[in-house]
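Notes for the one structure printed next.
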Amino acid sequence: MKTVSVALVLCLNVGVDPPDIVKTQPCARLECWIDPLSQPAQKALESIGANLQRQYERWQARARYKLCLDPTVEEVKKLCTSLRRNAKEERVLFHYNGHGVPKPTVNGEIWVFNKSFTQYIPLSVYDLQQWMGTPSIYVYDCSCAGIIVDSFKQFAMQREQEMELASMNSRGTGNIFPQQSYKNCIQLASCAAKQILPMNPDLPADLFTSCLTTPIRIALRWFVLQDGRKLVPNITLDLIDKIPGQLNDRRTVLGELNWIFTAITDTIAWNTLPRELFQKLFRQDLVVASLFRNFLLAERIMRSYDCTPISSPKLPPTHQHPMWQAWDMALDICLSQLSGILNGAEIYRHSLFFAEQLTAFQVWLSHGSQMRSPPEQLPIVLQVLLSQVHRLRALELLGRFLDLGPWAVSLALSVGIFPYVLKLLQSSARELRPLLVFIWAKILAVDTTCQADLVKDNGHKYFLSVLSDSCMPAEHRTMAAFVLTMIVSSYPAGQEAVLQGNLISLCLEQLSDQHALLRQWLCICLGRIWYDCDMARGYGVRDNAHIKLNPLLTDEVPEVRAAAVYALGTFMSNTTDRTDHANAIDHGIAMQLINCIQDGSPLVRKELIVAYQGIVFQFENQFAVVAAQMLEEERLRDGSSISHSETGTLSPGRSGMRQAQSAASLQPSSSRANLLASATSSSASSSNNTTIPGSSHGSNFSSDGSLVDLGLRHAISSSAISPVGGLYGSVYANIWKALLSLVCDAYPEVTELATTLMNVIRQKAATCTLQRTRRRSAGCTLSAPGSPIKEGMVTEDAHHVKKEPVIATDFVPWCCRYFSQSVMKVPDDHDLESDPHHQRQWRFDRNQAMRDRAQEQCRMASFLRLDDQLFINKNPNVPTCMKFHPFEPLICVADKDGVSTWNWEHGVKLNYFYNKNPKFSNISTLEIINGHDCSLLLTGTDDGAVRVWRNYYSESNLDLELVTAWQALSDMLPSSRAFGVRNTGSGMVSSWEQESRYLYVTGDVRVIRIWDTHQEQKAQDIPTQANSCITSLTCDSVNQSLIVAGCGDGLVRLYDRRLSPVDSLVLTLREHNGWVVKVHLQRHGDGKIISGSVSGDVRIWDPRFSESVMTIRAAHGLTAMDVHEYSDLMAWYNCQA
């Protein structure tokens, strides 16, 4: 909204004083800086009106101005109605000068003239409201002007009551009355209801108007008239009018004073007014902002003459604000140079006001935070952006301020940062690029509504140039990619604009950049570009985007892998026109994504499910056929009946869970041809001898990850799909199996997403099979087709109707929060004065003291009896494994499906929590991660899943947090111990290497898998080359190369992970005759290997030889054993002791 029309109504009646005002002699006479008595009355009136118009045009030159000099009521009415009609919904300004007429009446009337100027005619404010309409702004320059403001408010309330009554009466007639709110009209009055305008002859008669329209001139004049406020006492009023320069040229004296005045009044308003009111009065309309900025000066000047200007909405008093002292100082310094400038003796020295204010702002930033008051210099910083001299420093300080957090960005936006930084995008200065990109990244991280303005002003081209500039640091190109992502997000015009700038090609060219955050945001940017944009997908196909993104699926950074999955998922899901070429591309992408089901990061697996949602919706009927026929095959194979329900839902079961976790059948082969032909749809192989089940034979999944009781254990194994080749069927079958595996994921959020998507397929399968059943019952025989595409019920239209997504993640918003947080602030861990740093240092000091005590105890261990009982207690359930905390007096004891944490010093159980593993699985291993600092607890179960917990030993489980979970092992194959001691497998066996952050896992499998927990992905697979399970595992944490594994067949195998997987087995120790209970690789001394078996023999080995160097005979039937990490101590337990 802006002011487009201005009515200037002057009631001066030059030469005739109003009857109710007694003027002093001498008195103020100047009107618009013209002495009306210096020329004929009519000419003086016209000159004053023209001058007033020029003064207003300085603030809004494009507005429509109309003069109404000494008017009648009819002339005012005609003028107001005409301006309102032309202005339509925009604002109209009504300026009233009543210096030549009586004061306003208490009845709400102002005065005009009759045609012959023989009488004063009252004009009701009530009528004026109707003629002006809304929105409007009124300026009253006359004595007792406050009466008009009060009357206006009363009439506004009366008018609204009348409109409300008329609206209630018209409800039955159908007539609609336009609703106008006059309460929101803006009014500025020169004085209160009982005050007379000042008559000081040194001041103009229209002092209020002069303050509103010529603030610098009247401010200088008033300043000179004050006593004790001048550095140079010989400045006269005549010299004031000789100050050189133009108000709109900041390089001149007047221009700089006007610039400083704008900054100071903005600052006073922003620090005094409520934020909403500041936005309404100072940031929406240029004329309104100028009038209210100058109104602050009018309040200061006129209060010194016992007049109180009135405004509606009412403003708090600002005439004593401290910033006025800065204005006085600027005037003092300026005037002190005036004589020399006028004489030509010296050149004007520019004010240091802005430099000093920037310094004050910098001081605030050094101690600023959200808890402190906002910096009052913020509006001044924005004004400084207009100056090339201070612009670089101002942008740097502004960036530091925005980096404090979203609250700082909101403050900057409230003060009006947007138009300033938007205009700066037109600058070609390279030194501004890093600062502007940073500032815009901060703004868009908090407020994305400005994308339309950016595109409208071609601001996106600025960030395209930054992204394409190889000389720019990767951090700044990352911010440019983020800004472009925000521009295209859910904004078709933005997508079209950046496509013209070849953004897709720019992103693809930099996908191999070493900066991980840049790779991440390039992927996200691509995903947002072609979201719901077929044109962008076409450009992506042209540039082989889907092929260039594939290497990032194995990136070392989890966020990059998730971003790549997100980009490929949106690439698959946005095509509405289905063609064979488009289908082939989507099928290839879907098969490539199958590898991600084994990713160690839940972030990646969640994005994988959302990505598959797109292809499921594109080929919903085909997936329904695959699902229905696989489930029917399973039902017929098992010979089991299915529990029926009206909707096809089934109660949760647990059969086949371990097979459901199998990833071997889901792992595509390395060859693309083999990848696509690895499995085919069972619809092709069983079409001639299998009927599709009825609608009640659907399947459902429970939220805990258990498959329903349909025998789905075969549905996700390759044996369940007949090898009848064909790309079409293999894609859907493999995706179906992948989703089944994700339903059983160890991370609850992954399970929930997969369950929701699978139920969509189930519902579709139930619908399709119901249609088949109805056709069959109607006597229509129908044999199953050789390929689902030929079946009528699965035929896809050429034009696909996009469905609303049923699942989504907050991955992209989560990534965006990186830019809304502080990136300059030193992390607490590195801040030497922060509490986290002090806490960490305390832990490190405690650990070192404990190591020193432990070394002393290790030297004395061989001379002491180990017969002190420190802790004995009964665990709630039968323990399966336990783990001591290396530095805290804690012991974690796991049972089948939960973990108890005990304080062994005090004999107190701190807490117990459930591990959330399936009921048929058991916890078989525990590891303490980051034991030297804020430790985490890792639990491994015999179904191959690993879970990592935080706050596991807090007395209340309210703080317990599942950090991550993934399927560390697949295809667990149980084996048995010798001598009948234990008829179960080894489950999962693990070894944690803190130095490298590697997790070694094995057990009832034929592989030792090494996980890089920092990258959250598999680092290496080492074949065990054994026919039995691994029962114990240890590794060389010093050289990080040797792995020692005890096996169920009694052998101890040594692997060197530096070699190729085939050649990694370097030594086999064969002296044990039974199940190896424990192997240990010493970290000190000669690095001996210690192993013990159920046969009761404990052997010590030199890894350089294949024969043991020492044998210790323990009791037969040894079931548990452990060796001290740093001391020559070992302990064992046997069931026969």
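Just so we're on the same page: first chain in the structure tokens is A, next is B, and so on; residues restart at 1 for each chain, and ligands are numbered from 1 in the order they show up.
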
task = Please provide as a ChimeraX atom specification all residues within 12 Å of Ala754 (chain A), with the sequence filter that same-chain residues fewer than 3 positions apart are discarded (counting only C-alpha atoms).
result = /A:597,605-613,616,700-707,735-751,757-761,806-808

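Between Lys461 (chain A) and the residues A:Thr478, A:Asn502, A:Thr941, A:Ser730, the shortest atom-to-atom distance, using only C-alpha atoms, involves A:Asn502.
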
Selection: 7 Å around region 29-31 of chain A, only C-alpha atoms, excl. self and same-chain fewer than 4 positions, as a PDB file with all heavy atoms, in the first residue's frame:
```pdb
ATOM      1  N   ASP A  35       6.818  34.738   3.136  1.00  0.00           N
ATOM      2  CA  ASP A  35       6.098  35.751   3.907  1.00  0.00           C
ATOM      3  C   ASP A  35       4.866  36.168   3.106  1.00  0.00           C
ATOM      4  O   ASP A  35       4.997  36.781   2.031  1.00  0.00           O
ATOM      5  CB  ASP A  35       6.994  36.960   4.163  1.00  0.00           C
ATOM      6  CG  ASP A  35       6.331  37.985   5.079  1.00  0.00           C
ATOM      7  OD1 ASP A  35       5.137  37.820   5.410  1.00  0.00           O
ATOM      8  OD2 ASP A  35       7.020  38.957   5.459  1.00  0.00           O
ATOM      9  N   PRO A  36       3.658  35.822   3.562  1.00  0.00           N
ATOM     10  CA  PRO A  36       2.470  36.127   2.765  1.00  0.00           C
ATOM     11  C   PRO A  36       2.209  37.619   2.584  1.00  0.00           C
ATOM     12  O   PRO A  36       1.488  38.020   1.675  1.00  0.00           O
ATOM     13  CB  PRO A  36       1.337  35.466   3.563  1.00  0.00           C
ATOM     14  CG  PRO A  36       1.855  35.339   4.938  1.00  0.00           C
ATOM     15  CD  PRO A  36       3.330  35.163   4.829  1.00  0.00           C
ATOM     16  N   ILE A  48       2.463  29.992  -1.844  1.00  0.00           N
ATOM     17  CA  ILE A  48       2.544  29.097  -0.670  1.00  0.00           C
ATOM     18  C   ILE A  48       2.076  27.701  -1.038  1.00  0.00           C
ATOM     19  O   ILE A  48       2.688  26.686  -0.664  1.00  0.00           O
ATOM     20  CB  ILE A  48       1.707  29.691   0.482  1.00  0.00           C
ATOM     21  CG1 ILE A  48       2.353  30.980   0.981  1.00  0.00           C
ATOM     22  CG2 ILE A  48       1.561  28.687   1.612  1.00  0.00           C
ATOM     23  CD1 ILE A  48       1.489  31.750   1.965  1.00  0.00           C
ATOM     24  N   PRO A 204       8.735  29.746  11.638  1.00  0.00           N
ATOM     25  CA  PRO A 204       7.634  29.873  10.673  1.00  0.00           C
ATOM     26  C   PRO A 204       6.289  29.674  11.367  1.00  0.00           C
ATOM     27  O   PRO A 204       6.192  29.006  12.399  1.00  0.00           O
ATOM     28  CB  PRO A 204       7.921  28.761   9.660  1.00  0.00           C
ATOM     29  CG  PRO A 204       8.757  27.783  10.387  1.00  0.00           C
ATOM     30  CD  PRO A 204       9.570  28.554  11.387  1.00  0.00           C
ATOM     31  N   ALA A 205       5.254  30.260  10.780  1.00  0.00           N
ATOM     32  CA  ALA A 205       3.916  30.092  11.344  1.00  0.00           C
ATOM     33  C   ALA A 205       3.454  28.649  11.226  1.00  0.00           C
ATOM     34  O   ALA A 205       2.770  28.131  12.121  1.00  0.00           O
ATOM     35  CB  ALA A 205       2.941  31.044  10.645  1.00  0.00           C
ATOM     36  N   ASP A 206       3.821  27.999  10.148  1.00  0.00           N
ATOM     37  CA  ASP A 206       3.464  26.583   9.973  1.00  0.00           C
ATOM     38  C   ASP A 206       4.613  25.700  10.451  1.00  0.00           C
ATOM     39  O   ASP A 206       5.167  24.903   9.686  1.00  0.00           O
ATOM     40  CB  ASP A 206       3.098  26.289   8.510  1.00  0.00           C
ATOM     41  CG  ASP A 206       4.247  26.585   7.558  1.00  0.00           C
ATOM     42  OD1 ASP A 206       5.223  27.264   7.981  1.00  0.00           O
ATOM     43  OD2 ASP A 206       4.196  26.135   6.403  1.00  0.00           O
TER      44      ASP A 206
END
```

ask   = What residues in region 255-370 of chain A get the DSSP label helix (DSSP H, G or I)? Please answer as a ChimeraX atom specification.
value = /A:255-272,275-282,286-303,323-336,338-343,353-367

Output the selection as a PDB file, in the first residue's frame - C-alpha atoms for each residue.
```
ATOM      1  CA  GLY A 255      22.884  15.540   1.962  1.00  0.00           C
ATOM      2  CA  GLU A 256      24.992  14.064   4.742  1.00  0.00           C
ATOM      3  CA  LEU A 257      22.924  15.819   7.409  1.00  0.00           C
ATOM      4  CA  ASN A 258      19.752  14.460   5.834  1.00  0.00           C
ATOM      5  CA  TRP A 259      21.296  10.972   5.775  1.00  0.00           C
ATOM      6  CA  ILE A 260      22.275  11.201   9.440  1.00  0.00           C
ATOM      7  CA  PHE A 261      18.828  12.534  10.343  1.00  0.00           C
ATOM      8  CA  THR A 262      17.132   9.601   8.577  1.00  0.00           C
ATOM      9  CA  ALA A 263      19.346   7.107  10.397  1.00  0.00           C
ATOM     10  CA  ILE A 264      18.748   8.707  13.807  1.00  0.00           C
ATOM     11  CA  THR A 265      14.974   8.995  13.489  1.00  0.00           C
ATOM     12  CA  ASP A 266      14.738   5.423  12.209  1.00  0.00           C
ATOM     13  CA  THR A 267      16.823   4.295  15.167  1.00  0.00           C
ATOM     14  CA  ILE A 268      14.650   6.187  17.669  1.00  0.00           C
ATOM     15  CA  ALA A 269      11.478   4.759  16.169  1.00  0.00           C
ATOM     16  CA  TRP A 270      12.787   1.176  16.017  1.00  0.00           C
ATOM     17  CA  ASN A 271      14.003   1.261  19.604  1.00  0.00           C
ATOM     18  CA  THR A 272      10.820   2.883  20.929  1.00  0.00           C
ATOM     19  CA  ARG A 275       7.630  -3.986  16.072  1.00  0.00           C
ATOM     20  CA  GLU A 276       4.240  -4.173  14.362  1.00  0.00           C
ATOM     21  CA  LEU A 277       3.670  -0.446  14.617  1.00  0.00           C
ATOM     22  CA  PHE A 278       7.170   0.264  13.341  1.00  0.00           C
ATOM     23  CA  GLN A 279       6.546  -1.932  10.302  1.00  0.00           C
ATOM     24  CA  LYS A 280       3.224  -0.230   9.598  1.00  0.00           C
ATOM     25  CA  LEU A 281       4.445   3.357   9.913  1.00  0.00           C
ATOM     26  CA  PHE A 282       8.073   3.200   8.792  1.00  0.00           C
ATOM     27  CA  LEU A 286       7.377   5.993   1.714  1.00  0.00           C
ATOM     28  CA  VAL A 287       5.206   9.067   2.404  1.00  0.00           C
ATOM     29  CA  VAL A 288       3.951   7.721   5.734  1.00  0.00           C
ATOM     30  CA  ALA A 289       7.481   6.782   6.770  1.00  0.00           C
ATOM     31  CA  SER A 290       8.810  10.236   5.909  1.00  0.00           C
ATOM     32  CA  LEU A 291       5.987  12.012   7.745  1.00  0.00           C
ATOM     33  CA  PHE A 292       6.382   9.941  10.904  1.00  0.00           C
ATOM     34  CA  ARG A 293      10.162  10.213  10.791  1.00  0.00           C
ATOM     35  CA  ASN A 294       9.786  13.981  10.645  1.00  0.00           C
ATOM     36  CA  PHE A 295       6.992  13.861  13.242  1.00  0.00           C
ATOM     37  CA  LEU A 296       9.602  12.734  15.780  1.00  0.00           C
ATOM     38  CA  LEU A 297      11.464  15.970  15.084  1.00  0.00           C
ATOM     39  CA  ALA A 298       8.223  17.968  15.336  1.00  0.00           C
ATOM     40  CA  GLU A 299       7.583  16.495  18.746  1.00  0.00           C
ATOM     41  CA  ARG A 300      11.031  17.521  19.944  1.00  0.00           C
ATOM     42  CA  ILE A 301      10.869  21.063  18.580  1.00  0.00           C
ATOM     43  CA  MET A 302       7.257  21.878  19.397  1.00  0.00           C
ATOM     44  CA  ARG A 303       7.457  20.506  22.939  1.00  0.00           C
ATOM     45  CA  MET A 323      20.046   9.552  20.037  1.00  0.00           C
ATOM     46  CA  TRP A 324      19.012  13.214  19.776  1.00  0.00           C
ATOM     47  CA  GLN A 325      22.304  14.047  21.462  1.00  0.00           C
ATOM     48  CA  ALA A 326      24.115  12.347  18.580  1.00  0.00           C
ATOM     49  CA  TRP A 327      22.086  14.508  16.188  1.00  0.00           C
ATOM     50  CA  ASP A 328      23.020  17.659  18.082  1.00  0.00           C
ATOM     51  CA  MET A 329      26.679  16.684  17.946  1.00  0.00           C
ATOM     52  CA  ALA A 330      26.488  16.084  14.190  1.00  0.00           C
ATOM     53  CA  LEU A 331      24.950  19.542  13.747  1.00  0.00           C
ATOM     54  CA  ASP A 332      27.596  21.103  15.977  1.00  0.00           C
ATOM     55  CA  ILE A 333      30.454  19.562  13.992  1.00  0.00           C
ATOM     56  CA  CYS A 334      28.859  20.569  10.709  1.00  0.00           C
ATOM     57  CA  LEU A 335      28.227  24.173  11.744  1.00  0.00           C
ATOM     58  CA  SER A 336      31.745  24.496  13.158  1.00  0.00           C
ATOM     59  CA  LEU A 338      30.454  26.374   7.946  1.00  0.00           C
ATOM     60  CA  SER A 339      32.385  29.643   7.977  1.00  0.00           C
ATOM     61  CA  GLY A 340      35.496  28.062   6.488  1.00  0.00           C
ATOM     62  CA  ILE A 341      33.463  26.279   3.810  1.00  0.00           C
ATOM     63  CA  LEU A 342      31.597  29.429   2.793  1.00  0.00           C
ATOM     64  CA  ASN A 343      34.879  31.388   2.649  1.00  0.00           C
ATOM     65  CA  PHE A 353      28.860   9.619  12.932  1.00  0.00           C
ATOM     66  CA  PHE A 354      28.458   6.395  10.934  1.00  0.00           C
ATOM     67  CA  ALA A 355      31.954   5.120  11.671  1.00  0.00           C
ATOM     68  CA  GLU A 356      31.395   5.691  15.388  1.00  0.00           C
ATOM     69  CA  GLN A 357      28.005   3.988  15.292  1.00  0.00           C
ATOM     70  CA  LEU A 358      29.527   0.984  13.523  1.00  0.00           C
ATOM     71  CA  THR A 359      32.134   0.811  16.262  1.00  0.00           C
ATOM     72  CA  ALA A 360      29.382   0.854  18.876  1.00  0.00           C
ATOM     73  CA  PHE A 361      27.625  -1.938  17.009  1.00  0.00           C
ATOM     74  CA  GLN A 362      30.865  -3.924  16.897  1.00  0.00           C
ATOM     75  CA  VAL A 363      31.246  -3.535  20.651  1.00  0.00           C
ATOM     76  CA  TRP A 364      27.713  -4.858  21.121  1.00  0.00           C
ATOM     77  CA  LEU A 365      28.503  -7.856  18.911  1.00  0.00           C
ATOM     78  CA  SER A 366      31.503  -8.787  21.037  1.00  0.00           C
ATOM     79  CA  HIS A 367      29.154  -9.361  23.989  1.00  0.00           C
TER      80      HIS A 367
END
```

key: Selected residue of minimal separation from Val253 (chain A) among A:His932, A:Leu395, A:Ile347, A:Ala7, counting only C-alpha atoms   = A:Ile347

So that I can check the surroundings of Phe1105 (chain A), please list as a short mmCIF file (atom, residue, chain, number, x, y, z; two decimals) with all heavy atoms, in the first residue's frame every protein, DNA and RNA residue that reaches within 10 Å of it, counting only C-alpha atoms and ignoring chain neighbours fewer than 2 positions away.
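selection27.cif was written with the following content:
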```cif
data_model
loop_
_atom_site.label_atom_id
_atom_site.label_comp_id
_atom_site.auth_asym_id
_atom_site.auth_seq_id
_atom_site.Cartn_x
_atom_site.Cartn_y
_atom_site.Cartn_z
N LEU A 1067 47.14 -66.68 9.18
CA LEU A 1067 47.63 -67.71 10.09
C LEU A 1067 46.44 -68.40 10.75
O LEU A 1067 45.45 -67.75 11.09
CB LEU A 1067 48.53 -67.10 11.17
CG LEU A 1067 49.20 -68.07 12.16
CD1 LEU A 1067 50.15 -69.02 11.43
CD2 LEU A 1067 49.96 -67.29 13.23
N THR A 1068 46.55 -69.72 10.91
CA THR A 1068 45.52 -70.50 11.59
C THR A 1068 46.18 -71.29 12.72
O THR A 1068 47.15 -72.04 12.49
CB THR A 1068 44.83 -71.47 10.62
OG1 THR A 1068 44.27 -70.72 9.54
CG2 THR A 1068 43.72 -72.23 11.33
N LEU A 1069 45.66 -71.12 13.94
CA LEU A 1069 46.18 -71.81 15.12
C LEU A 1069 45.23 -72.95 15.45
O LEU A 1069 44.04 -72.73 15.67
CB LEU A 1069 46.28 -70.83 16.30
CG LEU A 1069 47.04 -69.52 15.99
CD1 LEU A 1069 47.04 -68.60 17.21
CD2 LEU A 1069 48.47 -69.81 15.54
N TRP A 1101 49.87 -67.56 22.67
CA TRP A 1101 50.51 -67.71 21.36
C TRP A 1101 51.37 -66.48 21.06
O TRP A 1101 51.05 -65.36 21.45
CB TRP A 1101 49.47 -67.82 20.24
CG TRP A 1101 48.34 -68.79 20.51
CD1 TRP A 1101 47.25 -68.58 21.29
CD2 TRP A 1101 48.21 -70.10 19.99
NE1 TRP A 1101 46.43 -69.67 21.28
CE2 TRP A 1101 46.99 -70.65 20.48
CE3 TRP A 1101 48.98 -70.91 19.14
CZ2 TRP A 1101 46.54 -71.91 20.16
CZ3 TRP A 1101 48.54 -72.17 18.81
CH2 TRP A 1101 47.33 -72.67 19.32
N ASP A 1102 52.45 -66.77 20.35
CA ASP A 1102 53.21 -65.71 19.71
C ASP A 1102 52.71 -65.62 18.27
O ASP A 1102 52.77 -66.61 17.53
CB ASP A 1102 54.71 -66.05 19.72
CG ASP A 1102 55.57 -64.88 19.24
OD1 ASP A 1102 55.09 -64.15 18.34
OD2 ASP A 1102 56.68 -64.71 19.75
N PRO A 1103 52.17 -64.46 17.86
CA PRO A 1103 51.55 -64.39 16.53
C PRO A 1103 52.51 -64.67 15.38
O PRO A 1103 52.08 -64.82 14.24
CB PRO A 1103 51.01 -62.95 16.49
CG PRO A 1103 51.76 -62.20 17.52
CD PRO A 1103 52.09 -63.19 18.58
N GLU A 1107 52.51 -72.43 16.73
CA GLU A 1107 52.40 -73.27 17.92
C GLU A 1107 52.37 -72.39 19.16
O GLU A 1107 53.03 -71.37 19.23
CB GLU A 1107 53.60 -74.24 18.01
CG GLU A 1107 53.64 -75.23 16.84
CD GLU A 1107 54.84 -76.16 16.96
OE1 GLU A 1107 55.66 -75.93 17.88
OE2 GLU A 1107 54.94 -77.08 16.14
N SER A 1108 51.62 -72.83 20.16
CA SER A 1108 51.48 -72.06 21.39
C SER A 1108 52.78 -72.09 22.18
O SER A 1108 53.56 -73.05 22.12
CB SER A 1108 50.33 -72.60 22.23
OG SER A 1108 50.59 -73.94 22.61
N VAL A 1109 53.01 -71.02 22.93
CA VAL A 1109 54.21 -70.94 23.75
C VAL A 1109 53.92 -71.34 25.20
O VAL A 1109 54.85 -71.54 25.98
CB VAL A 1109 54.81 -69.52 23.70
CG1 VAL A 1109 55.24 -69.17 22.28
CG2 VAL A 1109 53.80 -68.48 24.21
#
```

inquiry  = DSSP on the backbone, strand (DSSP E or B) only: what residues of region 1032-1135 of chain A does that give? Format it as a ChimeraX atom specification.
reply    = /A:1032-1035,1042-1047,1052-1056,1065-1069,1076-1081,1089-1093,1097-1101,1108-1113,1118-1123,1130-1134

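With only C-alpha atoms as the atoms that count, the minimum distance from Ile310 (chain A) to the choices A:Ser427, A:Ser956, A:Gln195, A:Thr901 is reached by A:Gln195.
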
task = Mind checking which residues fall within 10 Å of Glu1071 (chain A), counting only C-alpha atoms, ignoring those fewer than 4 positions away in the same chain, and posting them as a ChimeraX atom specification?
result = /A:1050-1052,1097,1099,1106-1108

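Minimum atom-to-atom distance to Glu804 (chain A), evaluated using only C-alpha atoms, belongs to A:Ser573 out of A:Ser490, A:Ser573, A:Ser1028, A:Ser512.
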
Residue contacts of Leu499 (chain A) (10 Å, only C-alpha atoms) excluding same-chain residues fewer than 5 positions away, as an mmCIF file with all heavy atoms, in the first residue's frame:
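Final output, saved to result_12.cif:
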```
data_model
loop_
_atom_site.group_PDB
_atom_site.id
_atom_site.type_symbol
_atom_site.label_atom_id
_atom_site.label_comp_id
_atom_site.auth_asym_id
_atom_site.auth_seq_id
_atom_site.Cartn_x
_atom_site.Cartn_y
_atom_site.Cartn_z
ATOM 1 N N VAL A 488 14.083 -22.053 -5.553
ATOM 2 C CA VAL A 488 13.290 -22.973 -6.384
ATOM 3 C C VAL A 488 12.314 -23.807 -5.567
ATOM 4 O O VAL A 488 11.460 -24.483 -6.142
ATOM 5 C CB VAL A 488 14.222 -23.914 -7.190
ATOM 6 C CG1 VAL A 488 15.160 -23.112 -8.057
ATOM 7 C CG2 VAL A 488 15.009 -24.837 -6.262
ATOM 8 N N ALA A 493 8.066 -20.409 -10.765
ATOM 9 C CA ALA A 493 8.755 -19.310 -11.447
ATOM 10 C C ALA A 493 10.246 -19.331 -11.145
ATOM 11 O O ALA A 493 11.073 -19.027 -12.013
ATOM 12 C CB ALA A 493 8.139 -17.973 -11.022
ATOM 13 N N GLY A 494 10.593 -19.684 -9.916
ATOM 14 C CA GLY A 494 12.006 -19.799 -9.564
ATOM 15 C C GLY A 494 12.671 -20.948 -10.282
ATOM 16 O O GLY A 494 13.827 -20.832 -10.733
ATOM 17 N N ILE A 504 21.256 -26.809 -13.403
ATOM 18 C CA ILE A 504 21.466 -28.261 -13.315
ATOM 19 C C ILE A 504 22.874 -28.624 -13.760
ATOM 20 O O ILE A 504 23.573 -29.413 -13.095
ATOM 21 C CB ILE A 504 20.405 -28.992 -14.155
ATOM 22 C CG1 ILE A 504 19.021 -28.842 -13.495
ATOM 23 C CG2 ILE A 504 20.758 -30.466 -14.312
ATOM 24 C CD1 ILE A 504 17.909 -29.534 -14.232
ATOM 25 N N SER A 505 23.316 -28.055 -14.850
ATOM 26 C CA SER A 505 24.676 -28.339 -15.320
ATOM 27 C C SER A 505 25.716 -27.851 -14.324
ATOM 28 O O SER A 505 26.729 -28.537 -14.070
ATOM 29 C CB SER A 505 24.909 -27.680 -16.683
ATOM 30 O OG SER A 505 24.008 -28.180 -17.650
ATOM 31 N N ILE A 529 14.998 -28.662 -7.670
ATOM 32 C CA ILE A 529 14.783 -28.124 -9.020
ATOM 33 C C ILE A 529 13.769 -28.964 -9.777
ATOM 34 O O ILE A 529 12.816 -28.445 -10.366
ATOM 35 C CB ILE A 529 16.106 -28.060 -9.810
ATOM 36 C CG1 ILE A 529 17.036 -27.018 -9.211
ATOM 37 C CG2 ILE A 529 15.847 -27.719 -11.274
ATOM 38 C CD1 ILE A 529 18.412 -27.039 -9.830
ATOM 39 N N TRP A 530 13.985 -30.263 -9.786
ATOM 40 C CA TRP A 530 13.101 -31.090 -10.613
ATOM 41 C C TRP A 530 11.927 -31.689 -9.845
ATOM 42 O O TRP A 530 11.267 -32.602 -10.314
ATOM 43 C CB TRP A 530 13.873 -32.179 -11.344
ATOM 44 C CG TRP A 530 14.776 -33.057 -10.539
ATOM 45 C CD1 TRP A 530 14.475 -33.735 -9.411
ATOM 46 C CD2 TRP A 530 16.145 -33.353 -10.839
ATOM 47 N NE1 TRP A 530 15.556 -34.439 -8.976
ATOM 48 C CE2 TRP A 530 16.606 -34.232 -9.841
ATOM 49 C CE3 TRP A 530 17.026 -32.989 -11.853
ATOM 50 C CZ2 TRP A 530 17.907 -34.726 -9.832
ATOM 51 C CZ3 TRP A 530 18.313 -33.491 -11.833
ATOM 52 C CH2 TRP A 530 18.749 -34.339 -10.827
ATOM 53 N N MET A 535 10.125 -30.187 -17.003
ATOM 54 C CA MET A 535 11.167 -29.555 -17.813
ATOM 55 C C MET A 535 12.534 -29.763 -17.172
ATOM 56 O O MET A 535 13.518 -30.071 -17.862
ATOM 57 C CB MET A 535 10.887 -28.061 -17.955
ATOM 58 C CG MET A 535 11.895 -27.327 -18.828
ATOM 59 S SD MET A 535 11.701 -25.523 -18.747
ATOM 60 C CE MET A 535 10.012 -25.368 -19.317
ATOM 61 N N ALA A 536 12.602 -29.593 -15.854
ATOM 62 C CA ALA A 536 13.875 -29.787 -15.158
ATOM 63 C C ALA A 536 14.319 -31.239 -15.242
ATOM 64 O O ALA A 536 15.510 -31.522 -15.406
ATOM 65 C CB ALA A 536 13.737 -29.354 -13.701
ATOM 66 N N TYR A 539 15.947 -31.750 -18.544
ATOM 67 C CA TYR A 539 17.327 -31.279 -18.568
ATOM 68 C C TYR A 539 18.245 -32.244 -17.829
ATOM 69 O O TYR A 539 19.397 -32.452 -18.231
ATOM 70 C CB TYR A 539 17.409 -29.903 -17.913
ATOM 71 C CG TYR A 539 16.824 -28.774 -18.739
ATOM 72 C CD1 TYR A 539 16.649 -27.509 -18.206
ATOM 73 C CD2 TYR A 539 16.419 -28.976 -20.059
ATOM 74 C CE1 TYR A 539 16.115 -26.466 -18.949
ATOM 75 C CE2 TYR A 539 15.876 -27.960 -20.810
ATOM 76 C CZ TYR A 539 15.721 -26.705 -20.252
ATOM 77 O OH TYR A 539 15.183 -25.694 -20.986
#
```
